[in-house]
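With CSV, C-alpha atoms and all ligand atoms inside, this is start-v9.csv:
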```
chain,number,residue,atom,x,y,z
D,257,MET,CA,-126.6,79.2,-148.4
D,258,SER,CA,-123.2,79.3,-146.8
D,259,THR,CA,-123.2,83.1,-146.7
D,260,ILE,CA,-126.5,83.3,-144.8
D,261,PRO,CA,-125.2,82.3,-141.3
D,262,GLY,CA,-122.4,84.7,-141.9
D,263,LEU,CA,-124.9,87.4,-142.8
D,264,TRP,CA,-127.0,86.5,-139.8
D,265,HIS,CA,-124.0,86.8,-137.5
D,266,THR,CA,-123.2,90.2,-139.1
D,267,GLN,CA,-126.8,91.4,-138.6
D,268,ARG,CA,-126.7,90.2,-135.0
D,269,ALA,CA,-123.4,91.9,-134.4
D,270,VAL,CA,-124.8,95.2,-135.9
D,271,LYS,CA,-127.9,94.9,-133.6
D,272,ALA,CA,-125.7,94.2,-130.6
D,273,LEU,CA,-123.7,97.2,-131.4
D,274,GLY,CA,-126.9,99.3,-131.7
D,275,THR,CA,-127.8,98.1,-128.2
D,276,VAL,CA,-124.5,99.2,-126.9
D,277,VAL,CA,-124.8,102.6,-128.6
D,278,ARG,CA,-128.3,103.1,-127.3
D,279,ARG,CA,-127.5,101.9,-123.8
D,280,ARG,CA,-127.4,104.6,-121.1
D,281,SER,CA,-123.8,105.5,-120.4
D,282,ARG,CA,-122.1,106.2,-117.1
D,283,ARG,CA,-119.7,108.6,-118.7
D,284,GLY,CA,-119.4,111.7,-120.8
D,285,LEU,CA,-117.0,114.6,-121.6
D,286,VAL,CA,-117.1,118.2,-120.3
D,287,LEU,CA,-115.2,120.3,-122.8
D,288,LEU,CA,-113.2,123.3,-121.6
D,289,TYR,CA,-112.7,126.3,-123.9
D,290,HIS,CA,-111.5,129.8,-123.2
D,291,ARG,CA,-111.6,132.0,-126.3
D,292,VAL,CA,-112.8,132.0,-129.9
D,293,ALA,CA,-110.2,134.3,-131.5
D,294,GLY,CA,-107.1,134.4,-133.6
D,295,PRO,CA,-105.0,133.3,-135.3
D,296,ARG,CA,-102.5,135.5,-133.5
D,297,PHE,CA,-99.8,135.4,-130.8
D,298,ASP,CA,-101.3,133.2,-128.1
D,299,PRO,CA,-98.7,132.2,-125.6
D,300,GLN,CA,-101.2,130.6,-123.1
D,301,LEU,CA,-102.8,128.5,-125.9
D,302,LEU,CA,-106.3,129.9,-125.0
D,303,ASP,CA,-107.6,130.6,-128.6
D,304,VAL,CA,-109.5,128.3,-130.8
D,305,THR,CA,-109.8,130.1,-134.2
D,306,PRO,CA,-113.3,130.8,-135.5
D,307,GLN,CA,-112.7,128.5,-138.4
D,308,ASN,CA,-111.7,125.6,-136.1
D,309,PHE,CA,-114.4,126.3,-133.7
D,310,ASP,CA,-117.0,126.1,-136.5
D,311,ALA,CA,-115.5,122.8,-137.5
D,312,GLN,CA,-115.5,121.5,-133.9
D,313,MET,CA,-119.1,122.5,-133.4
D,314,ARG,CA,-120.1,120.6,-136.5
D,315,VAL,CA,-118.3,117.5,-135.1
D,316,LEU,CA,-120.3,117.9,-131.9
D,317,SER,CA,-123.6,118.3,-133.6
D,318,GLU,CA,-123.0,115.4,-136.1
D,319,ARG,CA,-121.0,112.9,-134.1
D,320,MET,CA,-121.7,113.5,-130.4
D,321,GLU,CA,-124.7,114.1,-128.1
D,322,PRO,CA,-124.3,117.7,-126.9
D,323,LEU,CA,-126.2,118.5,-123.7
D,324,ALA,CA,-126.7,121.6,-121.5
D,325,LEU,CA,-124.3,121.3,-118.6
D,326,SER,CA,-127.0,121.1,-115.9
D,327,GLU,CA,-128.8,118.3,-117.9
D,328,PHE,CA,-125.4,116.6,-118.4
D,329,GLU,CA,-124.8,116.8,-114.7
D,330,LYS,CA,-128.2,115.5,-113.7
D,331,LEU,CA,-127.9,112.5,-116.1
D,332,ARG,CA,-124.3,111.9,-115.1
D,333,ARG,CA,-125.2,111.5,-111.5
D,334,ALA,CA,-128.0,109.1,-112.4
D,335,GLY,CA,-125.8,107.1,-114.7
D,336,LYS,CA,-128.1,107.9,-117.5
D,337,LEU,CA,-126.1,109.9,-119.9
D,338,PRO,CA,-126.7,109.1,-123.6
D,339,ALA,CA,-123.7,107.6,-125.4
D,340,ARG,CA,-121.1,110.1,-126.5
D,341,ALA,CA,-122.6,112.8,-124.3
D,342,VAL,CA,-120.6,116.1,-124.2
D,343,ALA,CA,-121.1,119.5,-122.5
D,344,VAL,CA,-119.4,122.6,-123.7
D,345,THR,CA,-117.9,125.1,-121.1
D,346,PHE,CA,-115.9,128.3,-121.4
D,347,ASP,CA,-113.8,129.8,-118.6
D,348,ASP,CA,-112.9,133.4,-117.8
D,349,GLY,CA,-115.6,135.4,-119.5
D,350,TYR,CA,-113.8,137.0,-122.5
D,351,ALA,CA,-116.0,139.3,-124.7
D,352,ASP,CA,-115.4,137.0,-127.7
D,353,ASN,CA,-117.5,134.4,-125.9
D,354,LEU,CA,-120.5,136.6,-126.8
D,355,TYR,CA,-119.5,137.8,-130.2
D,356,ALA,CA,-117.6,134.9,-131.7
D,357,ALA,CA,-118.6,131.8,-129.7
D,358,ALA,CA,-122.4,132.3,-129.0
D,359,PRO,CA,-123.5,132.7,-132.6
D,360,ARG,CA,-121.5,129.6,-133.7
D,361,LEU,CA,-122.9,127.6,-130.8
D,362,ASN,CA,-126.4,128.7,-131.7
D,363,ALA,CA,-126.0,127.9,-135.4
D,364,ASN,CA,-125.0,124.3,-134.5
D,365,GLY,CA,-127.6,123.9,-131.7
D,366,ILE,CA,-125.0,123.4,-129.1
D,367,PRO,CA,-125.7,124.6,-125.5
D,368,ALA,CA,-122.8,126.0,-123.4
D,369,THR,CA,-122.0,127.3,-120.0
D,370,VAL,CA,-119.7,130.3,-119.6
D,371,PHE,CA,-117.8,130.6,-116.2
D,372,VAL,CA,-117.4,134.3,-115.7
D,373,THR,CA,-114.8,136.0,-113.4
D,374,ALA,CA,-117.2,138.4,-111.8
D,375,GLY,CA,-114.6,140.9,-110.5
D,376,MET,CA,-113.2,141.5,-114.0
D,377,ILE,CA,-116.5,142.8,-115.3
D,378,GLY,CA,-116.3,146.5,-115.9
D,379,SER,CA,-112.8,146.7,-114.4
D,380,GLY,CA,-111.3,148.1,-117.6
D,381,ARG,CA,-108.3,145.8,-117.0
D,382,GLU,CA,-107.0,142.6,-118.7
D,383,PHE,CA,-106.3,139.4,-116.9
D,384,TRP,CA,-102.9,139.3,-115.4
D,385,TRP,CA,-101.5,136.8,-117.9
D,386,ASP,CA,-102.6,139.2,-120.7
D,387,GLU,CA,-101.0,142.2,-119.0
D,388,VAL,CA,-97.8,140.2,-118.6
D,389,GLU,CA,-97.8,139.4,-122.3
D,390,ARG,CA,-97.9,143.2,-123.0
D,391,ILE,CA,-95.2,143.9,-120.4
D,392,ALA,CA,-92.8,141.3,-121.6
D,393,PHE,CA,-93.3,141.7,-125.4
D,394,MET,CA,-94.7,145.1,-126.3
D,395,PRO,CA,-92.1,147.7,-125.1
D,396,ARG,CA,-89.4,148.3,-127.7
D,397,VAL,CA,-86.9,148.7,-124.8
D,398,LEU,CA,-86.8,147.3,-121.3
D,399,ASN,CA,-84.2,148.8,-119.0
D,400,GLY,CA,-82.7,147.0,-116.0
D,401,MET,CA,-84.2,144.3,-114.0
D,402,PRO,CA,-87.9,144.0,-113.4
D,403,PRO,CA,-88.7,144.6,-109.7
D,404,ALA,CA,-88.9,141.5,-107.4
D,405,LEU,CA,-88.2,138.9,-110.1
D,406,SER,CA,-85.2,136.7,-110.2
D,407,ILE,CA,-84.7,135.2,-113.7
D,408,PRO,CA,-81.8,134.9,-116.1
D,409,TRP,CA,-82.5,138.3,-117.7
D,410,ARG,CA,-79.6,140.5,-118.8
D,411,ILE,CA,-79.8,144.3,-119.3
D,412,GLU,CA,-78.3,144.0,-122.8
D,413,ASP,CA,-81.1,141.6,-123.7
D,414,GLY,CA,-83.6,144.3,-122.6
D,415,ALA,CA,-82.7,146.6,-125.4
D,416,ALA,CA,-83.5,144.2,-128.1
D,417,ILE,CA,-87.2,143.7,-128.7
D,418,ALA,CA,-88.2,140.1,-129.3
D,419,ALA,CA,-88.3,139.7,-133.0
D,420,GLU,CA,-91.8,139.7,-134.4
D,421,ASP,CA,-90.8,136.7,-136.6
D,422,GLY,CA,-91.2,133.4,-134.8
D,423,ARG,CA,-93.3,135.0,-132.1
D,424,MET,CA,-96.6,133.9,-133.6
D,425,GLU,CA,-95.6,130.2,-133.3
D,426,TRP,CA,-94.2,130.4,-129.8
D,427,ASN,CA,-96.2,129.4,-126.7
D,428,VAL,CA,-95.6,128.1,-123.2
D,429,ALA,CA,-95.5,124.5,-124.4
D,430,ALA,CA,-92.5,125.3,-126.6
D,431,ARG,CA,-89.2,123.6,-125.4
D,432,VAL,CA,-87.0,126.5,-126.5
D,433,ASP,CA,-87.3,130.2,-125.6
D,434,PRO,CA,-86.0,132.1,-128.6
D,435,SER,CA,-85.1,135.3,-126.7
D,436,SER,CA,-84.8,136.7,-123.2
D,437,ARG,CA,-88.2,138.3,-123.6
D,438,HIS,CA,-89.7,134.8,-123.7
D,439,ARG,CA,-87.7,133.8,-120.6
D,440,LEU,CA,-89.0,137.0,-118.9
D,441,TYR,CA,-92.6,136.2,-119.8
D,442,ARG,CA,-92.2,132.7,-118.5
D,443,GLY,CA,-90.6,133.9,-115.3
D,444,MET,CA,-93.4,136.4,-114.7
D,445,VAL,CA,-96.2,133.9,-115.3
D,446,ALA,CA,-94.6,131.4,-112.9
D,447,ALA,CA,-94.2,134.1,-110.2
D,448,LEU,CA,-97.8,135.2,-110.4
D,449,ARG,CA,-99.6,131.9,-111.0
D,450,ARG,CA,-100.3,131.0,-107.3
D,451,MET,CA,-99.9,134.4,-105.7
D,452,PRO,CA,-102.8,135.9,-103.7
D,453,THR,CA,-104.7,138.6,-105.6
D,454,THR,CA,-103.5,141.6,-103.6
D,455,GLU,CA,-99.8,140.8,-103.9
D,456,ARG,CA,-100.3,139.8,-107.5
D,457,ASP,CA,-101.9,143.1,-108.4
D,458,VAL,CA,-99.2,145.1,-106.6
D,459,LEU,CA,-96.5,143.2,-108.5
D,460,VAL,CA,-98.1,143.6,-111.9
D,461,SER,CA,-98.5,147.3,-111.3
D,462,ARG,CA,-94.8,147.6,-110.4
D,463,TRP,CA,-93.9,145.7,-113.6
D,464,ARG,CA,-96.2,147.9,-115.6
D,465,ASP,CA,-94.5,151.0,-114.2
D,466,TRP,CA,-91.1,149.4,-114.9
D,467,SER,CA,-91.9,148.6,-118.5
D,468,GLY,CA,-93.9,151.8,-119.3
D,469,VAL,CA,-96.9,149.7,-120.3
D,470,THR,CA,-100.2,151.4,-119.4
D,471,GLU,CA,-103.2,149.9,-117.6
D,472,GLY,CA,-106.3,149.3,-119.6
D,473,ALA,CA,-107.7,146.5,-121.8
D,474,ARG,CA,-107.1,145.9,-125.4
D,475,GLU,CA,-110.3,145.5,-127.3
D,476,SER,CA,-109.1,142.0,-128.4
D,477,HIS,CA,-108.4,141.0,-124.8
D,478,ARG,CA,-111.2,142.5,-122.8
D,479,THR,CA,-113.7,140.6,-120.7
D,480,VAL,CA,-117.5,141.0,-121.0
D,481,SER,CA,-119.2,144.2,-119.6
D,482,THR,CA,-122.2,144.1,-117.4
D,483,LYS,CA,-124.5,144.5,-120.4
D,484,GLU,CA,-122.6,141.8,-122.3
D,485,VAL,CA,-122.8,139.2,-119.4
D,486,ILE,CA,-126.6,139.8,-119.4
D,487,ALA,CA,-126.7,139.4,-123.2
D,488,LEU,CA,-124.7,136.2,-122.9
D,489,ALA,CA,-127.1,134.9,-120.2
D,490,GLU,CA,-130.0,135.6,-122.5
D,491,ALA,CA,-128.4,134.0,-125.6
D,492,ARG,CA,-130.1,130.8,-126.6
D,493,GLY,CA,-128.6,127.7,-125.1
D,494,VAL,CA,-126.1,129.7,-123.0
D,495,SER,CA,-126.0,129.6,-119.2
D,496,ILE,CA,-123.6,131.4,-116.8
D,497,GLY,CA,-121.5,129.8,-114.1
D,498,ALA,CA,-119.1,131.5,-111.6
D,499,HIS,CA,-115.3,131.7,-111.9
D,500,THR,CA,-114.7,133.6,-108.6
D,501,MET,CA,-114.2,137.4,-108.3
D,502,THR,CA,-110.5,137.8,-109.0
D,503,HIS,CA,-109.3,134.5,-110.5
D,504,PRO,CA,-107.0,133.4,-107.6
D,505,SER,CA,-105.7,129.9,-107.0
D,506,LEU,CA,-108.3,129.4,-104.3
D,507,ALA,CA,-106.4,126.8,-102.2
D,508,GLN,CA,-103.6,129.4,-101.6
D,509,LEU,CA,-106.1,131.7,-99.8
D,510,SER,CA,-107.4,131.7,-96.3
D,511,ALA,CA,-110.8,130.0,-95.7
D,512,THR,CA,-112.4,133.5,-95.3
D,513,GLU,CA,-110.9,134.8,-98.6
D,514,GLN,CA,-112.1,131.7,-100.4
D,515,ALA,CA,-115.6,132.0,-99.0
D,516,HIS,CA,-115.7,135.6,-100.3
D,517,GLU,CA,-114.4,134.8,-103.7
D,518,LEU,CA,-117.0,132.1,-104.2
D,519,ARG,CA,-120.0,133.6,-102.4
D,520,ASP,CA,-119.5,137.1,-103.8
D,521,SER,CA,-119.1,135.9,-107.4
D,522,ARG,CA,-122.3,133.8,-107.2
D,523,ARG,CA,-124.3,136.7,-105.6
D,524,TRP,CA,-123.0,139.3,-108.1
D,525,LEU,CA,-123.8,137.1,-111.1
D,526,GLU,CA,-127.2,136.1,-109.9
D,527,THR,CA,-128.2,139.7,-109.1
D,528,THR,CA,-126.9,140.9,-112.5
D,529,ILE,CA,-128.4,138.2,-114.8
D,530,ALA,CA,-131.4,137.5,-112.6
D,531,LYS,CA,-131.0,133.8,-113.0
D,532,PRO,CA,-129.7,131.1,-110.6
D,533,VAL,CA,-125.9,130.4,-110.8
D,534,THR,CA,-125.3,126.9,-109.4
D,535,ALA,CA,-122.0,125.8,-111.0
D,536,VAL,CA,-118.5,127.0,-110.3
D,537,ALA,CA,-115.3,126.4,-112.2
D,538,TYR,CA,-112.2,126.8,-110.0
D,539,PRO,CA,-109.6,129.1,-111.5
D,540,TYR,CA,-106.6,127.1,-113.0
D,541,GLY,CA,-108.5,124.1,-111.6
D,542,GLU,CA,-105.5,121.8,-111.0
D,543,SER,CA,-105.2,119.7,-107.8
D,544,ALA,CA,-103.1,122.3,-106.0
D,545,ASP,CA,-105.7,125.0,-106.7
D,546,VAL,CA,-108.6,123.2,-105.0
D,547,SER,CA,-108.4,122.0,-101.4
D,548,ALA,CA,-111.0,120.4,-99.1
D,549,ILE,CA,-111.5,124.0,-97.7
D,550,THR,CA,-112.3,125.2,-101.3
D,551,VAL,CA,-114.9,122.5,-101.8
D,552,ALA,CA,-116.5,123.3,-98.4
D,553,ALA,CA,-116.5,127.0,-99.3
D,554,ALA,CA,-118.1,126.2,-102.7
D,555,ARG,CA,-120.8,124.1,-101.0
D,556,THR,CA,-121.5,126.8,-98.3
D,557,ALA,CA,-121.6,129.5,-101.1
D,558,GLY,CA,-124.6,127.6,-102.5
D,559,PHE,CA,-123.1,126.0,-105.5
D,560,ASP,CA,-124.2,122.5,-106.6
D,561,THR,CA,-121.2,121.4,-108.7
D,562,GLY,CA,-117.6,122.3,-109.1
D,563,TYR,CA,-115.6,121.9,-112.3
D,564,SER,CA,-111.8,121.3,-112.3
D,565,ASN,CA,-109.2,121.6,-115.1
D,566,ILE,CA,-108.0,118.0,-114.5
D,567,GLY,CA,-108.3,116.2,-117.8
D,568,GLY,CA,-110.5,113.1,-117.9
D,569,THR,CA,-113.8,111.5,-118.5
D,570,ALA,CA,-116.6,112.5,-116.3
D,571,TRP,CA,-117.9,109.2,-114.8
D,572,ARG,CA,-121.0,108.5,-112.8
D,573,TRP,CA,-118.8,108.2,-109.8
D,574,SER,CA,-116.7,111.4,-110.4
D,575,SER,CA,-117.0,113.8,-107.4
D,576,ARG,CA,-119.5,116.5,-108.1
D,577,TRP,CA,-117.0,118.9,-106.6
D,578,ARG,CA,-114.1,118.0,-108.9
D,579,VAL,CA,-115.8,117.1,-112.2
D,580,PRO,CA,-113.0,116.6,-114.8
D,581,ARG,CA,-112.9,118.6,-118.0
D,582,ILE,CA,-111.1,118.1,-121.3
D,583,LEU,CA,-109.1,121.2,-122.4
D,584,VAL,CA,-109.8,121.8,-126.1
D,585,ARG,CA,-107.0,123.2,-128.2
D,586,ASP,CA,-107.0,124.9,-131.6
D,587,TRP,CA,-107.6,121.6,-133.4
D,588,ASP,CA,-109.1,121.0,-136.8
D,589,ALA,CA,-112.1,118.7,-137.2
D,590,VAL,CA,-110.1,115.5,-137.7
D,591,THR,CA,-107.8,116.1,-134.7
D,592,PHE,CA,-110.7,117.1,-132.5
D,593,LEU,CA,-112.7,113.9,-133.4
D,594,ALA,CA,-109.6,111.8,-132.7
D,595,GLN,CA,-109.2,113.4,-129.3
D,596,LEU,CA,-112.8,112.8,-128.4
D,597,ASP,CA,-112.6,109.2,-129.5
D,598,ARG,CA,-109.5,108.7,-127.4
D,599,TRP,CA,-111.3,109.9,-124.3
D,600,PHE,CA,-114.4,107.8,-125.0
D,601,VAL,CA,-112.3,104.7,-125.5
D,602,GLU,CA,-110.3,105.1,-122.3
D,701,ZN,ZN,-109.7,130.8,-115.7
```
Just give me the structure as structure tokens.
Amino acid sequence: MSTIPGLWHTQRAVKALGTVVRRRSRRGLVLLYHRVAGPRFDPQLLDVTPQNFDAQMRVLSERMEPLALSEFEKLRRAGKLPARAVAVTFDDGYADNLYAAAPRLNANGIPATVFVTAGMIGSGREFWWDEVERIAFMPRVLNGMPPALSIPWRIEDGAAIAAEDGRMEWNVAARVDPSSRHRLYRGMVAALRRMPTTERDVLVSRWRDWSGVTEGARESHRTVSTKEVIALAEARGVSIGAHTMTHPSLAQLSATEQAHELRDSRRWLETTIAKPVTAVAYPYGESADVSAITVAAARTAGFDTGYSNIGGTAWRWSSRWRVPRILVRDWDAVTFLAQLDRWFVE
């Protein structure tokens, strides 16, 4: 008999836990991905390999409550998210989102929103950070100083191409730069990161000329075409959001330029996919990239919600114009689940 009260307490505890689990939640997680690709050299840490993406989607379908972003947002504002609610988002609009991500999302029944940089569609160019990767690492020889860049770069370093070995493992989070090519890359990225688009394009073009690298997009690094963005919009469970026209740090631009970036991208996408586009993800999405003017411009452009790249849980009271997102890295299932658990506990 002595075990029965104990058992009863256990049963009651289990029931109470069930109540907690079933209770509507005031928080959830918006996950931020960029690419399903690799393994390969990935200095900006944008790739999740297909193998790890498969594993992560299984974790979401088995252990979490994945929702379409619009549904997530509606329930979040009402404080009615289910427990362990997550929404999957992709930034930038790489072609692999259609070919590598969409089938895996579909196979696991996971909805997703892809924030597309409208001006990159059909441009035949790579994003500036991918161009800079080619400029810094691809030429066998680099002569002299790159124009308009002041970094500790010596001519004699320029002759020696960065060794292939050790390159695969290196990325911007590394504490040590194994060669002057890595310092060059880092310096170029830092110089361009918050530069207005026109200046940025001029500088990249000067560096391209200096290095002998040609314009054009590698198949592995291209963005979606017009046909592909339409196909993505029609893929089951996938919706399209805007990510501006030219991927600037919006807060660095004039109010007029910000208005153009936001309004034009929304209009272009809506016309192309013939569906409403109500969500925007701010490029880079950190505090310094999004000002009060940015938010006002997003509202005026007709958006309903703005997503940041500031890591955190999305609470009922999080601003609809700066919804936090969790940046997902190339984690295996165990690490991914541990990361999600950490955010849900905090
Ligand atoms: Zn982006």
Mind dumping a table of every chain D residue within 7 Å of ligand ZN 701 (chain D), with the nearest atom pair and its distance in Å to one decimal, using all atoms listed in the file, sorted by chain and rising number, as a tab-separated table?
```
residue	atom	partner	partner_atom	distance
D:Asp347	CA	D:ZN701	ZN	5.1
D:Asp348	CA	D:ZN701	ZN	4.6
D:His499	CA	D:ZN701	ZN	6.8
D:His503	CA	D:ZN701	ZN	6.4
D:Pro539	CA	D:ZN701	ZN	4.5
D:Tyr540	CA	D:ZN701	ZN	5.5
```
Practice task
Just the residues within 9 Å of Tyr538 of chain D, please, counting all atoms listed in the file, with nothing from its chain fewer than 5 positions along; format it as number ranges by chain.
Solution key: D: 498-500, 503-506, 545-546, 550, 562-565
Using C-alpha atoms, can you export the residues from the last selection as a PDB file, keeping the file's coordinate frame?
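out08.pdb, freshly written:
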```pdb
ATOM      1  CA  ALA D 498    -119.100 131.500-111.600  1.00  0.00           C
ATOM      2  CA  HIS D 499    -115.300 131.700-111.900  1.00  0.00           C
ATOM      3  CA  THR D 500    -114.700 133.600-108.600  1.00  0.00           C
ATOM      4  CA  HIS D 503    -109.300 134.500-110.500  1.00  0.00           C
ATOM      5  CA  PRO D 504    -107.000 133.400-107.600  1.00  0.00           C
ATOM      6  CA  SER D 505    -105.700 129.900-107.000  1.00  0.00           C
ATOM      7  CA  LEU D 506    -108.300 129.400-104.300  1.00  0.00           C
ATOM      8  CA  ASP D 545    -105.700 125.000-106.700  1.00  0.00           C
ATOM      9  CA  VAL D 546    -108.600 123.200-105.000  1.00  0.00           C
ATOM     10  CA  THR D 550    -112.300 125.200-101.300  1.00  0.00           C
ATOM     11  CA  GLY D 562    -117.600 122.300-109.100  1.00  0.00           C
ATOM     12  CA  TYR D 563    -115.600 121.900-112.300  1.00  0.00           C
ATOM     13  CA  SER D 564    -111.800 121.300-112.300  1.00  0.00           C
ATOM     14  CA  ASN D 565    -109.200 121.600-115.100  1.00  0.00           C
TER      15      ASN D 565
END
```
Handout entry: Distance query segment 581-592 of chain D at most 9 Å, all atoms listed in the file, self and fewer than 4 positions along chain excluded, as a ChimeraX atom specification
Key = /D:285-290,301-305,307-315,345,563-570,596-597,599
Practice task
Write out as a list in words each polymer residue whose atoms come within 9 Å of Leu459 of chain D, counting only C-alpha atoms; drop sequence neighbours fewer than 4 positions from it.
Solution key: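 Once the nearby chain positions are removed, what remains is Pro403, Ala404, Leu448, Thr454, Glu455, Trp463 and Arg464 of chain D.
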Exercise for the section: Enter the distance from atom CA of Thr482 of chain D to atom CA of Ile377 of chain D, in Å, rounded to one decimal. Expected result: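 Result for atom CA of Thr482 of chain D versus atom CA of Ile377 of chain D: 6.2 Å, one decimal.
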Handout entry: Å distance separating atom CA of Met394 of chain D from atom CA of Ala473 of chain D, one decimal place
Key =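 Here the two named atoms are 13.8 Å from each other.
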Handout entry: Which residue of D:Val342, D:Ile391, D:Val372, D:Val397 approaches Val485 of chain D most closely, using all atoms listed in the file
Key = D:Val372
Fill in the blank from the handout: One decimal place gives the atom CA of Lys531 of chain D-atom CA of Leu354 of chain D separation as 17.6 Å
Handout entry: Counting only C-alpha atoms, the option among D:Ala392, D:Arg360, D:Ala351, D:Trp571 closest to Phe328 of chain D
Key = D:Trp571
Exercise for the section: Find the residues around Ala535 of chain D up to 10 Å (only C-alpha atoms counted), leave out those fewer than 5 positions away in its own chain, and share them as a VMD selection string. Expected result: chain D and resid 325 to 326 369 to 371 495 to 499 522 554 558 to 563 577
Produce a file of the selected residues containing C-alpha atoms, as a compact mmCIF listing (two decimals), in the coordinates of the input.
```
# COMPACT_ATOMS: atom_id res chain seq x y z
CA LEU D 325 -124.30 121.30 -118.60
CA SER D 326 -127.00 121.10 -115.90
CA THR D 369 -122.00 127.30 -120.00
CA VAL D 370 -119.70 130.30 -119.60
CA PHE D 371 -117.80 130.60 -116.20
CA SER D 495 -126.00 129.60 -119.20
CA ILE D 496 -123.60 131.40 -116.80
CA GLY D 497 -121.50 129.80 -114.10
CA ALA D 498 -119.10 131.50 -111.60
CA HIS D 499 -115.30 131.70 -111.90
CA ARG D 522 -122.30 133.80 -107.20
CA ALA D 554 -118.10 126.20 -102.70
CA GLY D 558 -124.60 127.60 -102.50
CA PHE D 559 -123.10 126.00 -105.50
CA ASP D 560 -124.20 122.50 -106.60
CA THR D 561 -121.20 121.40 -108.70
CA GLY D 562 -117.60 122.30 -109.10
CA TYR D 563 -115.60 121.90 -112.30
CA TRP D 577 -117.00 118.90 -106.60
```
Exercise for the section: Find the residues around Gly335 of chain D up to 7 Å (all atoms listed in the file counted), leave out those fewer than 4 positions away in its own chain, and share them as an MDAnalysis selection string. Expected result: chainID D and resid 281:282 331 572
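Nearest residue to Asp352 of chain D among D:Leu488, D:Val388, D:Leu440, D:Val292 is D:Val292, counting all atoms listed in the file.
Across D:Arg396, D:Leu405, D:Glu389, D:Arg492, the tightest approach to His438 of chain D is made by D:Glu389 when counting only C-alpha atoms.
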Problem - Minimum-distance residue to Arg390 of chain D, chosen among D:Val469, D:Ala548, D:Leu323, D:Ile529 (using all atoms listed in the file) - result: D:Val469
Practice task
Pick out the closest residue to Met376 of chain D from this set: D:Trp524, D:Glu329, D:Ala357, D:Ala537. Count all atoms listed in the file.
Solution key: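 For Met376 of chain D, the nearest of the given residues is D:Trp524.
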